[in-house]
Amino acid sequence: MNNELRDALELLGKERNIPKEALLRAIEDSLLTACKNHFGKADNCIVNIDRETYEYNIIQRKTVVESVEDPALEISLPDAMMIDKNAKLGDTVDIHIDSQKFGRIATQNAKGVIVQKIREEERNSLYRDFYEHEHGIMTGVVQRFLGKNISVNLGKADAILAESEQIKTEVLKPNQRIKVYVLEVKNNPRGPRISVSRTHPDLVKKLFEQEASEVRDGTVEIMAIAREAGSRTKMAVLSHDENVDPVGACVGVNGTRVNSVVDELGGEKIDIINWDDNPAYLIENALSPAKVIVVVADEDAREAEVIVPDNQLSLAIGKEGQNARLAAKLTGFKIDIKSETQAEELGLFDEIGMAAPEYDEEGNLILPEAGYEDEEGYEESYDDEAYDEDYASEEPEDEAYEADEMTGDTEQDEE
């Protein structure tokens, strides 16, 4: 057994993460190249390496002829009979070649082939490793700034974080560790070209898969995500186990799970709502924390009219229309939000056959509570008070409001 060759290949394979079979094929190709350089052609040369013993042999197959015109392909009958005494004209004989007799140039060329093959296999192996992480998340280190793009080191290769994939409010610094979503992995002669993102909605989904075991094992499914990177994300979740609360699973005890994701995203606010197959209920949940009087959804037209109390209009719309815009993206509906006063003036309550809403003694709209409480009495982290604080600076809106999920545009209807 060729122990030296075996040990060298095993060591090289571990260091470069290259399969042993690929290294053996590289050696075979290099020996064929050496034959071509030594004999002028290698069409009739065969190289075999035993995968168990690592012993190799080179065979040159020649045709027996009466008069030799091409020594690389032909052999005379007398010479053939010295190898095989039963040889006849037209037969082929196998001649074993001693590789040690190859010239210096042939040897150097063979060495070059081995080096080239090893580099190719190393690049392919690297590409395969990162291709497995495509559409997943990886942890990287900020290396340097390439104009407005950023080079992020992912261990064995660098990735490009383009300006369009960076969170505008986030300031990254060299040597800072960040998590990125792998958009695409391409193979090229210089190694894998990896594109990553910090703004992709699936980055939030993958972060919750890491933090919440229920999401990771499929017990809780993230049905839809709408995100404005660096500012706010809305996420609709559904539980496939009636004993598991989907929102509570994502929030975690005392908000530990969601807070870990928020910290990774630089303080980006995350709204977690319950998914509902009924589009009207889904839209009502998506407009949280605003209270909703009624939702009339047209599934065919993908449009919905929403009526909210007068004092909830600005909350439903959100700062610069963000809450309504994200709700539209999340649900896939064009949402038209009107206040109670506007609805009464337009006669919308009569159109939908609904009585005017009722209020309690303090003037509050009588609606079911938006929060929830689990078996242990743990209340939803994102309660009305927290949202009221977020939206406290917003000015009330006096006009109807529309949000279109297709364009992300928001507009107000002029009276």
# chains A, B, ... in the order shown; residues from 1 in each chain; ligands from 1

call {"tool": "closest_atom_pairs", "arguments": {"of": "stretch 67-132 of chain A", "to": "stretch 172-182 of chain A", "cutoff": "12 Å", "atoms": "only C-alpha atoms", "output": "JSON lines"}}
result
{"residue": "A:Phe130", "atom": "CA", "partner": "A:Val182", "partner_atom": "CA", "distance": 8.9}
{"residue": "A:Tyr131", "atom": "CA", "partner": "A:Val182", "partner_atom": "CA", "distance": 9.1}
{"residue": "A:Glu132", "atom": "CA", "partner": "A:Val182", "partner_atom": "CA", "distance": 10.0}

call {"tool": "atom_distance", "arguments": {"atom1": "atom CA of A:Asp43", "atom2": "atom CA of A:Glu21"}}
result
22.7 Å

call {"tool": "select_by_dssp", "arguments": {"residues": "stretch 134-238 of chain A", "states": "alpha helix (DSSP H)", "output": "number ranges by chain"}}
result
A: 201-211, 213-216

call {"tool": "closest_residue", "arguments": {"among": "A:Arg190, A:Lys111, A:Arg198, A:Lys117", "to": "A:Gly140", "atoms": "only C-alpha atoms"}}
result
A:Arg198

call {"tool": "residues_around", "arguments": {"residues": "A:Ala162", "least_positions_apart": "3", "cutoff": "10 Å", "atoms": "only C-alpha atoms", "output": "PyMOL selection string"}}
result
chain A and resi 146-151+159+165-166+195-198

call {"tool": "closest_residue", "arguments": {"among": "A:Ile18, A:Ala80, A:Ile352, A:Ile222", "to": "A:Arg128", "atoms": "only C-alpha atoms"}}
result
A:Ile18

call {"tool": "residues_around", "arguments": {"residues": "A:Glu299", "least_positions_apart": "6", "cutoff": "12 Å", "atoms": "only C-alpha atoms", "output": "number ranges by chain"}}
result
A: 277-280, 283, 305, 331-335

call {"tool": "write_last_selection", "arguments": {"atoms": "N, CA, C and O atoms", "output": "PDB file, in the first residue's frame"}}
result
ATOM      1  N   ASP A 277     -58.023  33.056   8.901  1.00  0.00           N
ATOM      2  CA  ASP A 277     -58.394  32.794   7.511  1.00  0.00           C
ATOM      3  C   ASP A 277     -59.485  33.735   7.020  1.00  0.00           C
ATOM      4  O   ASP A 277     -59.645  33.937   5.815  1.00  0.00           O
ATOM      5  N   ASN A 278     -60.238  34.291   7.960  1.00  0.00           N
ATOM      6  CA  ASN A 278     -61.242  35.289   7.602  1.00  0.00           C
ATOM      7  C   ASN A 278     -60.529  36.623   7.378  1.00  0.00           C
ATOM      8  O   ASN A 278     -59.939  37.183   8.301  1.00  0.00           O
ATOM      9  N   PRO A 279     -60.579  37.160   6.154  1.00  0.00           N
ATOM     10  CA  PRO A 279     -59.813  38.381   5.877  1.00  0.00           C
ATOM     11  C   PRO A 279     -60.241  39.569   6.728  1.00  0.00           C
ATOM     12  O   PRO A 279     -59.413  40.424   7.063  1.00  0.00           O
ATOM     13  N   ALA A 280     -61.530  39.639   7.096  1.00  0.00           N
ATOM     14  CA  ALA A 280     -61.992  40.761   7.911  1.00  0.00           C
ATOM     15  C   ALA A 280     -61.330  40.732   9.281  1.00  0.00           C
ATOM     16  O   ALA A 280     -60.853  41.759   9.786  1.00  0.00           O
ATOM     17  N   ILE A 283     -57.587  41.582   8.920  1.00  0.00           N
ATOM     18  CA  ILE A 283     -57.348  43.023   8.759  1.00  0.00           C
ATOM     19  C   ILE A 283     -57.517  43.738  10.086  1.00  0.00           C
ATOM     20  O   ILE A 283     -56.745  44.638  10.431  1.00  0.00           O
ATOM     21  N   GLU A 305     -63.046  48.002   3.435  1.00  0.00           N
ATOM     22  CA  GLU A 305     -63.393  49.253   4.097  1.00  0.00           C
ATOM     23  C   GLU A 305     -63.378  49.014   5.597  1.00  0.00           C
ATOM     24  O   GLU A 305     -63.951  48.045   6.089  1.00  0.00           O
ATOM     25  N   THR A 331     -51.761  41.817   4.747  1.00  0.00           N
ATOM     26  CA  THR A 331     -52.999  41.118   4.394  1.00  0.00           C
ATOM     27  C   THR A 331     -53.188  40.954   2.899  1.00  0.00           C
ATOM     28  O   THR A 331     -53.941  40.082   2.461  1.00  0.00           O
ATOM     29  N   GLY A 332     -52.530  41.805   2.110  1.00  0.00           N
ATOM     30  CA  GLY A 332     -52.724  41.740   0.666  1.00  0.00           C
ATOM     31  C   GLY A 332     -53.981  42.449   0.203  1.00  0.00           C
ATOM     32  O   GLY A 332     -54.431  42.256  -0.929  1.00  0.00           O
ATOM     33  N   PHE A 333     -54.569  43.289   1.063  1.00  0.00           N
ATOM     34  CA  PHE A 333     -55.779  44.035   0.730  1.00  0.00           C
ATOM     35  C   PHE A 333     -55.477  45.528   0.638  1.00  0.00           C
ATOM     36  O   PHE A 333     -54.633  46.047   1.371  1.00  0.00           O
ATOM     37  N   LYS A 334     -56.194  46.194  -0.269  1.00  0.00           N
ATOM     38  CA  LYS A 334     -56.192  47.648  -0.273  1.00  0.00           C
ATOM     39  C   LYS A 334     -57.177  48.091   0.792  1.00  0.00           C
ATOM     40  O   LYS A 334     -58.369  47.783   0.716  1.00  0.00           O
ATOM     41  N   ILE A 335     -56.701  48.812   1.791  1.00  0.00           N
ATOM     42  CA  ILE A 335     -57.507  49.133   2.969  1.00  0.00           C
ATOM     43  C   ILE A 335     -57.899  50.604   2.949  1.00  0.00           C
ATOM     44  O   ILE A 335     -57.045  51.490   2.849  1.00  0.00           O
TER      45      ILE A 335
END

call {"tool": "closest_atom_pairs", "arguments": {"of": "stretch 65-104 of chain A", "to": "stretch 47-59 of chain A", "cutoff": "7 Å", "atoms": "only C-alpha atoms", "output": "CSV"}}
result
residue,atom,partner,partner_atom,distance
A:Asp94,CA,A:Ile59,CA,5.9
A:Ile95,CA,A:Ile59,CA,5.4
A:His96,CA,A:Ile59,CA,4.7
A:Ile97,CA,A:Ile58,CA,5.3

call {"tool": "write_last_selection", "arguments": {"atoms": "all heavy atoms", "output": "short mmCIF file (atom, residue, chain, number, x, y, z; two decimals), in the first residue's frame"}}
result
data_model
loop_
_atom_site.label_atom_id
_atom_site.label_comp_id
_atom_site.auth_asym_id
_atom_site.auth_seq_id
_atom_site.Cartn_x
_atom_site.Cartn_y
_atom_site.Cartn_z
N ASP A 94 -0.82 -3.85 -24.23
CA ASP A 94 -0.72 -2.85 -23.17
C ASP A 94 0.71 -2.76 -22.68
O ASP A 94 1.31 -3.78 -22.28
CB ASP A 94 -1.65 -3.19 -22.00
CG ASP A 94 -3.12 -3.10 -22.39
OD1 ASP A 94 -3.41 -2.42 -23.41
OD2 ASP A 94 -3.96 -3.70 -21.69
N ILE A 95 1.24 -1.56 -22.71
CA ILE A 95 2.61 -1.32 -22.28
C ILE A 95 2.57 -0.50 -20.99
O ILE A 95 1.96 0.57 -20.94
CB ILE A 95 3.40 -0.55 -23.36
CG1 ILE A 95 3.38 -1.34 -24.68
CG2 ILE A 95 4.82 -0.29 -22.88
CD1 ILE A 95 3.99 -0.58 -25.84
N HIS A 96 3.19 -1.01 -19.94
CA HIS A 96 3.22 -0.30 -18.66
C HIS A 96 4.30 0.78 -18.70
O HIS A 96 5.44 0.53 -19.08
CB HIS A 96 3.50 -1.27 -17.52
CG HIS A 96 2.36 -2.21 -17.27
ND1 HIS A 96 1.32 -1.92 -16.42
CD2 HIS A 96 2.09 -3.46 -17.77
CE1 HIS A 96 0.45 -2.92 -16.42
NE2 HIS A 96 0.90 -3.87 -17.22
N ILE A 97 3.93 1.99 -18.31
CA ILE A 97 4.81 3.15 -18.37
C ILE A 97 5.32 3.48 -16.97
O ILE A 97 4.55 3.50 -16.00
CB ILE A 97 4.08 4.37 -18.96
CG1 ILE A 97 3.48 4.03 -20.33
CG2 ILE A 97 5.01 5.57 -19.06
CD1 ILE A 97 4.49 3.62 -21.36
#

call {"tool": "atom_distance", "arguments": {"atom1": "atom CA of A:Asp263", "atom2": "atom CA of A:Arg325"}}
result
23.8 Å

call {"tool": "closest_residue", "arguments": {"among": "A:Ile337, A:Ile46, A:Cys250, A:Leu89", "to": "A:Leu287", "atoms": "only C-alpha atoms"}}
result
A:Ile337

call {"tool": "closest_residue", "arguments": {"among": "A:Ser67, A:Gln60, A:Asn285, A:Asn17", "to": "A:Glu122", "atoms": "only C-alpha atoms"}}
result
A:Asn17
